[in-house]
Amino acid sequence: MLGYDVEFGHKQACDLIPAQKYSEKQVGYMACSLLINEKDEFLRLAINGIHNDLISRNEAFQSLALTFVANIAGQEMAEALTPDVLKLLTSGTARPVVRKKAALCLLRLMRKTPADAQLVSADSFSPIMAQLLEERDLGLLLSCATLLLGICARSGSAGYEQCQFKLVRLLERLVALRDITPDYTYYGIASPWLQAKVLRTLQYFPPPEGTALQRQLHDVLQAICTTCGDTAKSSTINKSNAQHAILFEAISLILALDLNRDLLATGVTNMGRFLSVKEPNIRYLALENLTRLALVPEVLESIRSHQSTILANLKDPDVSIRRRALDLLFTMCDDGAAMEVVEELVTYLIIADFSMREELVLKIAILAEKFAPDVQWYVDVVLALLERAGDFCSEDIWHRVVQLVTNNEGSQAYAANRVVEVLGRGSSHEALMCLAAYVLGEYGKLIKPKVPTLEQFKLLHERFPTLNTSTKGLLLTAYLKMLLADPDNTALQNEVTSVFSRYAAQLDPELQQRSAEYLVLAQDPANAALRYVLPMPKWEGRESALLKRLAATEGNDADADGAPPSAAAAADEALSPSPNKVSLALGGVTGIATRPAATTPPPQAVPSTHTPAAVAATTAAALAARKAPDFDLLGGDELPYTNGVATPAAARAAAPPKAVDLLDELFMPSATQPALSQLAAASSTSSALPHAGGLAMQGSIGPPVQPHQQQQPSAAAAAAPWPGSYSIGNLGTYGSIGMQAAPQGSMGSVGFTSVGSWGPSGLNPAGSVGSTASMPFAAGGYPARTASVTGPADVSMAEFGSKQAGAGAYLGFDDAAFGPVDDWRVLGDVQQWHKALLTKEKGIFYEDTLLQIGLQSRYTRSKGELLLFLGNKQTAQPLENLALLLSDPSPAIQVVMGQLPAQLAPKQQVQVSLQVTCMQPFLEPPRLQLRYATGSRQVVQELALPLAPHKFMVPEPQIGKEAFFERWKSYHGPPLKLQQMVERGQPLGIDATLLLLRGLNFGVEHLYLDPSPNNEAGAAYFVCGQPGAEQALLCQCRVEGNPQNRMQFRVTVASPDAMLATSLKDMLVVQVMTAA
């Protein structure tokens, strides 16, 4: 339809579907498929006609209905028509052409329903699927395999174990027996599409348990590798493509099931041959699969034999192939091949495409640090990077060289010599100059007999004018240190003091202050060197920031306060000692404690490893695994170091258990983790190079620089009264709607009217709209009512109740009374988690030292779906008697809870679905009582569900102005129209106000309803009731900001229901007060 929406003919098209003539029915289905989408209300008119066609005996009608449903069906149609489609799929009388349409139609219906809403249960549908896989018709088998693949990819293979044997038999029938008709033979290959589908489906199943089934699968895969691996005999490109598709899926299956190593070796041989073919797609897939195969240590040596061919692919015209070749080289690198690979990559860096130079530099730096035989070699590699691609080198790279050189005295003179050589060749990249300033300023004195200090100064200063301000600051510091190291050099002193004198009058305050202070220090070098300018101390041990940057480059999300799991492990390993290798550890520390993050994949599902990001993440993990210890990512195992300093055994034993976030993939790091600003403040003295370029200052020189003070509104402005007639009325007319001012005490004829007056003390109530107090909405949301933990029964009465209960505490129990119970505590503020979830879709619902619960929600009109993710954080003990009970049922909210297992194994995570339906306005949400036990502990927590009326509101940003103001003026005061003054601690901008209102589902358009730029007005419909009998209540709001002081606001909410108005007003007031 040329992309245009057609707004007519919908009903007439739906009326043609029940017609008895095939031509009319066909036109009806075709028109509906073009004119109507799955959310269109007209689609409901066709459901009955589709149902009649599905249950009819006319195969043409059945095919039309199935085709239409497979293209248009949504969730509502899925709930209504799934039984009819299942009946056709399992019918013994229907022809295969109808049944294969039914299989694909069922797949569409399953995809259009929520993941936890099972249209068909595995227990009842698994035998049917196993029977379908024994059909003789290959077209039907292909559709059934596609259906099973979709089921496994969506919810895992649990419950469908009996289908694994059927799939292997089907694969044997295609590969070994070739029991097919000629119609399904493609260039002599038995149904390659079906083979690829079956191989991919088998990747979602665990390895076969029976010996016979294992041997059967091994023989089939061996036959595939032998037959499809020899593509030289292929006469056409089409046959080669079919063979390659089967072969690549077979190799993926071998890797997924961890089968015989002989099969892996055969796969490596085939992939090696594909590296030299002309077809770029085949080479790309070969490089990608070899990257995955390189993670298996047994075949790594076989892959290394193709290193020259892989290096040749770095020069391929296709950038995607060059990137895959780089990933493969990075993955296959180890101690034996590191030096050769790094040297080749450094040579390739000169001709590398600019789009991949940054990634290439980062990976070279990581490999050089990880596998360096000594510090001198590492310095050479990094200097080569800075010289050839300095513009693509981040600060992390030269920072790392500084740390290593500072902590290894034997390499300091060597580093200074190498820096002088590189500068002598004319390089002047910013990062190189930063490194040169530090190295020559600190250690240039060690090479003074070979390179005079004045010559070192000239090498640096000749590039000074082209550098940025921060680098100039580093060079000024280096000049001072050179002068203090050679105070008797008159020529050097004249040059340096001349620079300081000139830049002491610079406009830039940083350079000006440095130069002025350094000029004073240069007058007395001996005293300055003794008291103020001290040598840089050794750096404390820390993890490398390079692996974090690699993960960010590849598209992985790193935690705010730690590296992702693979990067953290690799960083630990980078600082760990190994035999016959010089440790690159800092300060003698060879281990770093990092916070591992754990993720839980879908049950029985094999995560995708075909994306570059997934390959990169797996690669980093494999590099770490080759040398690093095997850390327990879920249990939070820690190395005996904290921030690079060894922790005494007693202190480690007394330390509380480390918080483990089981739900990193669901939401951002938990509130138990320190804020990024706190981490930065705690490590600001050691985590980065000093701003003064390595100048360790004692005492003070001159007045300190005052930090910039943020401007605050003056006291006069803060206390200035608002105009008493401040309203839309005093702005004249807006369009065709009169905005006439009205006297206090009455509502204007049309539009908003100010009620009361603004004064220094806020709103003075007047007229009929008062400021009657309503039920307060707590700033932290609805708090958890109770929390209790019980321990062993032998607790003395003297010990009972000796500790005052607090938020998340033990409710009167003494810490020492229960022994192991001391470890239990709530890891955060339950009220703050609740408050955050009131305006977010996902986040932490509850967390203590044993259990973490995450929540993800979505709402559609009066219905909502909440998914609770419960994770046992313990490594040894299960959580028993686990229960979630609705402790405070509410007639306003109907809650249907899914099944929760009574026991949660260590490190296990499960999800529970809650279906909620809003039946009427409410003030407080339902509450859940959480219960579980572990050992002698009994934990009971009562938690409020993060439900509020705005969750069930539908925004109405384009409501008619006449309708809005007519309804607005019909409310003459409490309890249907409520108003409250709000005063914040800091100003709130207009954009933030709009974002706040839209976050509460109010439809707001700036200057649409309220022409004042300081005010915002909006509307939304609160929907309650069961679907089909829903009731919509119009809710209106207005937030007026003081134009002279944006810290004062007046909030007005109107609704036809008093309880609804109260709840929305309280929520809006809290959000205005606490908005950032």
# chains A, B, ... in the order shown; residues from 1 in each chain; ligands from 1
$ residues_around --residues "segment 140-142 of chain A" --least-positions-apart "2" --cutoff "10 Å" --atoms "only C-alpha atoms" --output "count of residues only"
30
$ residues_around --residues "Ile55 of chain A" --least-positions-apart "5" --cutoff "9 Å" --atoms "only C-alpha atoms" --output "list in words"
Ile50, Gln62, Asp84, Lys87 and Leu88 of chain A
$ write_last_selection --atoms "N, CA, C and O atoms" --output "PDB file, in the first residue's frame"
ATOM      1  N   ILE A  50     -12.131 -17.049  11.692  1.00  0.00           N
ATOM      2  CA  ILE A  50     -10.899 -17.840  11.581  1.00  0.00           C
ATOM      3  C   ILE A  50     -11.069 -19.166  12.307  1.00  0.00           C
ATOM      4  O   ILE A  50     -10.656 -20.226  11.812  1.00  0.00           O
ATOM      5  N   GLN A  62      -8.669 -24.052   5.646  1.00  0.00           N
ATOM      6  CA  GLN A  62      -7.711 -24.218   6.734  1.00  0.00           C
ATOM      7  C   GLN A  62      -6.367 -23.568   6.403  1.00  0.00           C
ATOM      8  O   GLN A  62      -5.754 -22.891   7.239  1.00  0.00           O
ATOM      9  N   ASP A  84      -7.120 -24.842  18.441  1.00  0.00           N
ATOM     10  CA  ASP A  84      -7.486 -25.238  17.082  1.00  0.00           C
ATOM     11  C   ASP A  84      -6.244 -25.560  16.250  1.00  0.00           C
ATOM     12  O   ASP A  84      -6.242 -26.525  15.471  1.00  0.00           O
ATOM     13  N   LYS A  87      -4.807 -28.871  17.303  1.00  0.00           N
ATOM     14  CA  LYS A  87      -5.626 -29.996  16.805  1.00  0.00           C
ATOM     15  C   LYS A  87      -5.279 -30.310  15.361  1.00  0.00           C
ATOM     16  O   LYS A  87      -5.218 -31.484  14.969  1.00  0.00           O
ATOM     17  N   LEU A  88      -5.062 -29.283  14.554  1.00  0.00           N
ATOM     18  CA  LEU A  88      -4.677 -29.526  13.155  1.00  0.00           C
ATOM     19  C   LEU A  88      -3.284 -30.146  13.070  1.00  0.00           C
ATOM     20  O   LEU A  88      -3.027 -31.008  12.229  1.00  0.00           O
TER      21      LEU A  88
END
$ atom_distance --atom1 "atom CA of Gly410 of chain A" --atom2 "atom CA of Tyr532 of chain A"
25.9 Å
$ residues_around --residues "Ile47 of chain A" --least-positions-apart "2" --cutoff "12 Å" --atoms "only C-alpha atoms" --output "ChimeraX atom specification"
/A:14-15,17-18,29,32,38,41-45,49-54,65,68-69,72-74,76-82,84
$ decode --residues "segment 137-178 of chain A" --atoms "N, CA and C atoms" --output "mmCIF file, in the first residue's frame"
data_model
loop_
_atom_site.group_PDB
_atom_site.id
_atom_site.type_symbol
_atom_site.label_atom_id
_atom_site.label_comp_id
_atom_site.auth_asym_id
_atom_site.auth_seq_id
_atom_site.Cartn_x
_atom_site.Cartn_y
_atom_site.Cartn_z
ATOM 1 N N ASP A 137 7.288 -37.299 5.777
ATOM 2 C CA ASP A 137 7.308 -36.145 4.885
ATOM 3 C C ASP A 137 8.363 -35.142 5.355
ATOM 4 N N LEU A 138 9.334 -34.846 4.499
ATOM 5 C CA LEU A 138 10.434 -33.975 4.898
ATOM 6 C C LEU A 138 9.995 -32.522 5.037
ATOM 7 N N GLY A 139 8.997 -32.103 4.290
ATOM 8 C CA GLY A 139 8.488 -30.751 4.470
ATOM 9 C C GLY A 139 7.890 -30.556 5.852
ATOM 10 N N LEU A 140 7.111 -31.532 6.303
ATOM 11 C CA LEU A 140 6.547 -31.475 7.648
ATOM 12 C C LEU A 140 7.648 -31.559 8.700
ATOM 13 N N LEU A 141 8.659 -32.401 8.452
ATOM 14 C CA LEU A 141 9.767 -32.512 9.394
ATOM 15 C C LEU A 141 10.522 -31.191 9.522
ATOM 16 N N LEU A 142 10.709 -30.487 8.415
ATOM 17 C CA LEU A 142 11.414 -29.208 8.456
ATOM 18 C C LEU A 142 10.634 -28.199 9.296
ATOM 19 N N SER A 143 9.316 -28.157 9.130
ATOM 20 C CA SER A 143 8.508 -27.242 9.928
ATOM 21 C C SER A 143 8.523 -27.625 11.404
ATOM 22 N N CYS A 144 8.475 -28.913 11.699
ATOM 23 C CA CYS A 144 8.495 -29.355 13.098
ATOM 24 C C CYS A 144 9.855 -29.073 13.742
ATOM 25 N N ALA A 145 10.935 -29.270 12.986
ATOM 26 C CA ALA A 145 12.257 -28.945 13.514
ATOM 27 C C ALA A 145 12.383 -27.451 13.794
ATOM 28 N N THR A 146 11.800 -26.640 12.912
ATOM 29 C CA THR A 146 11.805 -25.193 13.145
ATOM 30 C C THR A 146 11.018 -24.845 14.403
ATOM 31 N N LEU A 147 9.895 -25.509 14.612
ATOM 32 C CA LEU A 147 9.095 -25.280 15.816
ATOM 33 C C LEU A 147 9.870 -25.664 17.067
ATOM 34 N N LEU A 148 10.507 -26.816 17.060
ATOM 35 C CA LEU A 148 11.277 -27.266 18.225
ATOM 36 C C LEU A 148 12.466 -26.342 18.479
ATOM 37 N N LEU A 149 13.104 -25.884 17.426
ATOM 38 C CA LEU A 149 14.214 -24.939 17.583
ATOM 39 C C LEU A 149 13.735 -23.649 18.247
ATOM 40 N N GLY A 150 12.569 -23.146 17.823
ATOM 41 C CA GLY A 150 12.028 -21.943 18.445
ATOM 42 C C GLY A 150 11.692 -22.146 19.907
ATOM 43 N N ILE A 151 11.164 -23.319 20.250
ATOM 44 C CA ILE A 151 10.836 -23.609 21.657
ATOM 45 C C ILE A 151 12.103 -23.656 22.494
ATOM 46 N N CYS A 152 13.131 -24.350 22.009
ATOM 47 C CA CYS A 152 14.372 -24.484 22.779
ATOM 48 C C CYS A 152 15.080 -23.139 22.918
ATOM 49 N N ALA A 153 15.067 -22.353 21.853
ATOM 50 C CA ALA A 153 15.720 -21.040 21.930
ATOM 51 C C ALA A 153 14.989 -20.117 22.889
ATOM 52 N N ARG A 154 13.714 -20.340 23.069
ATOM 53 C CA ARG A 154 12.904 -19.459 23.921
ATOM 54 C C ARG A 154 12.961 -19.860 25.384
ATOM 55 N N SER A 155 12.846 -21.151 25.662
ATOM 56 C CA SER A 155 12.743 -21.592 27.057
ATOM 57 C C SER A 155 13.635 -22.770 27.396
ATOM 58 N N GLY A 156 14.569 -23.139 26.512
ATOM 59 C CA GLY A 156 15.455 -24.254 26.810
ATOM 60 C C GLY A 156 14.837 -25.596 26.442
ATOM 61 N N SER A 157 15.651 -26.618 26.577
ATOM 62 C CA SER A 157 15.218 -27.957 26.157
ATOM 63 C C SER A 157 14.642 -28.777 27.299
ATOM 64 N N ALA A 158 14.489 -28.190 28.484
ATOM 65 C CA ALA A 158 13.964 -28.941 29.620
ATOM 66 C C ALA A 158 12.563 -29.458 29.297
ATOM 67 N N GLY A 159 12.374 -30.748 29.504
ATOM 68 C CA GLY A 159 11.100 -31.378 29.232
ATOM 69 C C GLY A 159 11.010 -32.028 27.871
ATOM 70 N N TYR A 160 11.943 -31.706 26.977
ATOM 71 C CA TYR A 160 11.926 -32.262 25.623
ATOM 72 C C TYR A 160 13.096 -33.218 25.404
ATOM 73 N N GLU A 161 13.588 -33.855 26.487
ATOM 74 C CA GLU A 161 14.747 -34.724 26.361
ATOM 75 C C GLU A 161 14.508 -35.900 25.420
ATOM 76 N N GLN A 162 13.271 -36.389 25.374
ATOM 77 C CA GLN A 162 13.010 -37.543 24.499
ATOM 78 C C GLN A 162 13.113 -37.186 23.019
ATOM 79 N N CYS A 163 13.092 -35.880 22.701
ATOM 80 C CA CYS A 163 13.237 -35.476 21.304
ATOM 81 C C CYS A 163 14.682 -35.554 20.826
ATOM 82 N N GLN A 164 15.636 -35.579 21.766
ATOM 83 C CA GLN A 164 17.035 -35.613 21.349
ATOM 84 C C GLN A 164 17.346 -36.888 20.567
ATOM 85 N N PHE A 165 16.850 -38.005 21.055
ATOM 86 C CA PHE A 165 17.075 -39.268 20.363
ATOM 87 C C PHE A 165 16.429 -39.240 18.976
ATOM 88 N N LYS A 166 15.240 -38.654 18.880
ATOM 89 C CA LYS A 166 14.564 -38.574 17.584
ATOM 90 C C LYS A 166 15.342 -37.700 16.610
ATOM 91 N N LEU A 167 15.918 -36.622 17.113
ATOM 92 C CA LEU A 167 16.700 -35.738 16.237
ATOM 93 C C LEU A 167 17.944 -36.433 15.712
ATOM 94 N N VAL A 168 18.617 -37.192 16.576
ATOM 95 C CA VAL A 168 19.818 -37.911 16.123
ATOM 96 C C VAL A 168 19.447 -38.961 15.083
ATOM 97 N N ARG A 169 18.347 -39.657 15.289
ATOM 98 C CA ARG A 169 17.896 -40.644 14.301
ATOM 99 C C ARG A 169 17.549 -39.976 12.978
ATOM 100 N N LEU A 170 16.901 -38.818 13.061
ATOM 101 C CA LEU A 170 16.567 -38.089 11.841
ATOM 102 C C LEU A 170 17.829 -37.652 11.117
ATOM 103 N N LEU A 171 18.827 -37.211 11.857
ATOM 104 C CA LEU A 171 20.085 -36.792 11.246
ATOM 105 C C LEU A 171 20.784 -37.981 10.597
ATOM 106 N N GLU A 172 20.730 -39.120 11.253
ATOM 107 C CA GLU A 172 21.334 -40.332 10.675
ATOM 108 C C GLU A 172 20.597 -40.740 9.403
ATOM 109 N N ARG A 173 19.288 -40.572 9.409
ATOM 110 C CA ARG A 173 18.500 -40.902 8.215
ATOM 111 C C ARG A 173 18.896 -40.023 7.034
ATOM 112 N N LEU A 174 19.213 -38.775 7.287
ATOM 113 C CA LEU A 174 19.570 -37.855 6.205
ATOM 114 C C LEU A 174 21.008 -38.045 5.736
ATOM 115 N N VAL A 175 21.936 -38.271 6.687
ATOM 116 C CA VAL A 175 23.362 -38.284 6.353
ATOM 117 C C VAL A 175 23.831 -39.670 5.946
ATOM 118 N N ALA A 176 23.519 -40.671 6.765
ATOM 119 C CA ALA A 176 24.061 -42.005 6.518
ATOM 120 C C ALA A 176 23.164 -42.831 5.600
ATOM 121 N N LEU A 177 21.867 -42.860 5.909
ATOM 122 C CA LEU A 177 20.969 -43.716 5.135
ATOM 123 C C LEU A 177 20.475 -43.049 3.857
ATOM 124 N N ARG A 178 20.435 -41.708 3.860
ATOM 125 C CA ARG A 178 19.945 -40.954 2.701
ATOM 126 C C ARG A 178 18.566 -41.460 2.267
#
